[in-house]
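Q: The structure that follows is given in the form of structure tokens.
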Amino acid sequence: RGQQPVSDITLITLDQKALDNFKELRLFWHSHYANAIKGAIAGGAKVVGLDLAFGIGVDRWEPGLDSLMAEAVSTAPIPVITAYVPQFAGTQDSVPVNILAAALGLSGYPNLLDDADGFVRRQELIEAPTGKPDDPPPARSLAMRVTEKFLGADSELKNGTWYLKDQPLPGRTITLDYAGGPGTFPSVSIVDVENAYKNNDTAKLQGWFANKAVLLGTDSVDDRFPTPFYTLFNGPKWTTAGVEIHANTVRTLLNRSWFLPAPEWSRDLALALTVLLTTLVMVSFAARHTAWWMVGIAAAIMGGTHAAFRAGRIYPTAELLSAAVLCLIGATIFRFATAEKRGALFQRAVSLFVGKELATTLDKSEDIRLSGRQQVVTILFTDIRGFTAYSEELCAKEGPQELGRRLNEYMAQMVAIIVAKHGHINKFIGDGILAVFSDDDEGAVPGDHARRAVACATEMVTAPSPFKTGAGLHSGDVVVGNVGSADKMEFTVLGDTVNLASRLESLNKEQKTKLLMSGTTRDMAGDAVDAVRLGEVPVRGKTEPVPLYTVTS
């Protein structure tokens with residue numbers, strides 16, 4: 001929530017200045033601690049907390065220091081809370097200051113509760129009760145004991161809930177409301193406090209400590225921890241001293257500003273809404289718009305969870321973002337899978353309704369536009385002889401469904417023959433077929449399109465069928481491509497070659513033949529085709545007669 005104001009807490013730090021000025025080993029700084037306590041008392045402090053553990057007695061080396069420390073705690077007119085580490089009980093129990101503090105109820109454990117990533121975000125206030133009536137009351141943390149003495153009331157367990165000065169606590173552990181990063185709390189070097197006390201500078205001491213909770217602790221590198229104000233950098237400037245974390249705990253308790261986890265049902269609801277919204281975006285918008293929507297969703301998650309955080313409720317931002325990302329990945333995979341399926345369907349549809357050549361062209365170019373290219377091909381036109389009369393008679397006897405069934409069977413038979421000869425069907429014209437043979441056909445040998453077309457036509461007109469088929473073939477230049485407009489296109493072949501092939505097919509009735517080809521096709525087919533010349537006929541649109549050929553068989 002950014003930098004917050006602090007008013008009730010001041011730190012006395014064992015800083016670099018102390019290391020530079022105090023000549024004794026830190027193990028023997030008891031007199032300095034005692035003077036700091038007396039200085040805080042002279043300045044009007046309400047409670048003093050020592051984030052210092054006296055693990056062993058030092059009288060064997062420096063007689064009188066243990067007694068001096070014990071006297072400073074026991075004779076102080078205000079509560080002085082000392083740190084007691086339960087893990088080292090065997091070595092601490094014989095130290096006078098620890099004995100006195102335990103007897104007077106002036107000790108608290110200074111242990112910090114770090115998360116799995118090493119960050120300190122929460123603090124345990126009270127140990128779990130043993131449930132045994134003869135056991136001593138649960139131990140308090142250093143920060144909890146300082147807060148109790150500052151408020152003048154001990155915490156109590158009532159009906160399973162802990163109360164502090166008749167106000168319920170969220171539990172034995174709280175999530176801290178950090179007032180800011182390192183250096184947020186006002187701090188004074190222990191050197192300056194001792195000097196002011198020795199010089200009877202009461203005004204300075206009161207300016208520092210009047211009506212404050214005072215915490216004394218080290219500012220050394222080995223007692224600093226990452227907190228929510230930690231950055232990618234490291235070192236004392238970016239990590240928070242243990243004594244300042246205790247100060248944040250005291251402040252959180254005094255202000256009752258701890259954070260509460262969001263109710264389970266609301267977290268589930270937030271997850272469901274995140275997944276639902278992400279899914280709707282993925283299925284409702286084009287890919288180019290989806291990215292902007294996902295940025296908006298991520299911003300809404302971060303903004304919403306931060307707003308809830310500022311109100312004291314914790315919705316895990318990473319949890320909701322992960323849900324959105326996982327949903328995005330799943331939807332993307334589904335989208336690609338269905339797009340691939342649809343793409344295969346459309347390619348098959350293009351192949352069926354337009355032709356494989358266009359399907360292949362679109363797949364390679366990934367572009368649809370008006371286009372055309374010139375190519376030498378052989379055009380095959382086929383038509384059913386007498387289809388009109390046949391259809392009228394069949395419809396009258398058996399209905400149009402039977403006509404449709406027979407026509408579909410016939411077309412399937414004819415198409416299979418064309419495909420077998422590696423041609424492709426350009427279009428169906430009523431009961432007729434326009435097929436194209438070119439060097440681009442699959443499996444084609446350069447220059448063999450005329451031979452393949454003649455062989456195909458021969459098989460088509462001689463295939464057993466209830467219909468009589470006529471075929472016309474001509475080879476020459478055509479334009480192959482998309483024609484029409486941007487709103488409606490058709491893939492087709494254009495040119496005089498197409499028109500002549502159609503007219504040759506219609507001459508079968510006059511020539512009493514099933515198959516007619518032009519001299520150009522005959523010449524291009526070569527000796528592979530046994531053909532007979534039928535003569536020349538004038539064709540509309542041609543200045544010279546066109547030689548006609550048919551297959552000898």
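Residue numbering restarts at 1 for every chain of the structure tokens, chains are lettered A, B, ... in their displayed order, and ligands are numbered from 1 as they appear.
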Within 8 Å of region 204-221 of chain A, counting only C-alpha atoms, which residues show up once you throw out same-chain ones fewer than 5 positions away? Write them as an NGL selection string, please.

A: :A and (7-16 or 39-40 or 42-52 or 146 or 150 or 188 or 193 or 196-197 or 235-236 or 241-243 or 247)

Q: Any chance you could list, as JSON, numbers by chain, the residues in region 7-149 of chain A that come up helix (DSSP H, G or I) when DSSP is run on the backbone?

A: {"A": [16, 17, 18, 19, 20, 21, 26, 27, 28, 30, 31, 32, 33, 34, 35, 36, 37, 38, 39, 40, 41, 42, 65, 66, 67, 68, 69, 70, 71, 72, 73, 74, 86, 87, 88, 89, 90, 91, 92, 96, 97, 98, 99, 100, 101, 102, 103, 104, 142, 143, 144, 145, 146, 147, 148, 149]}
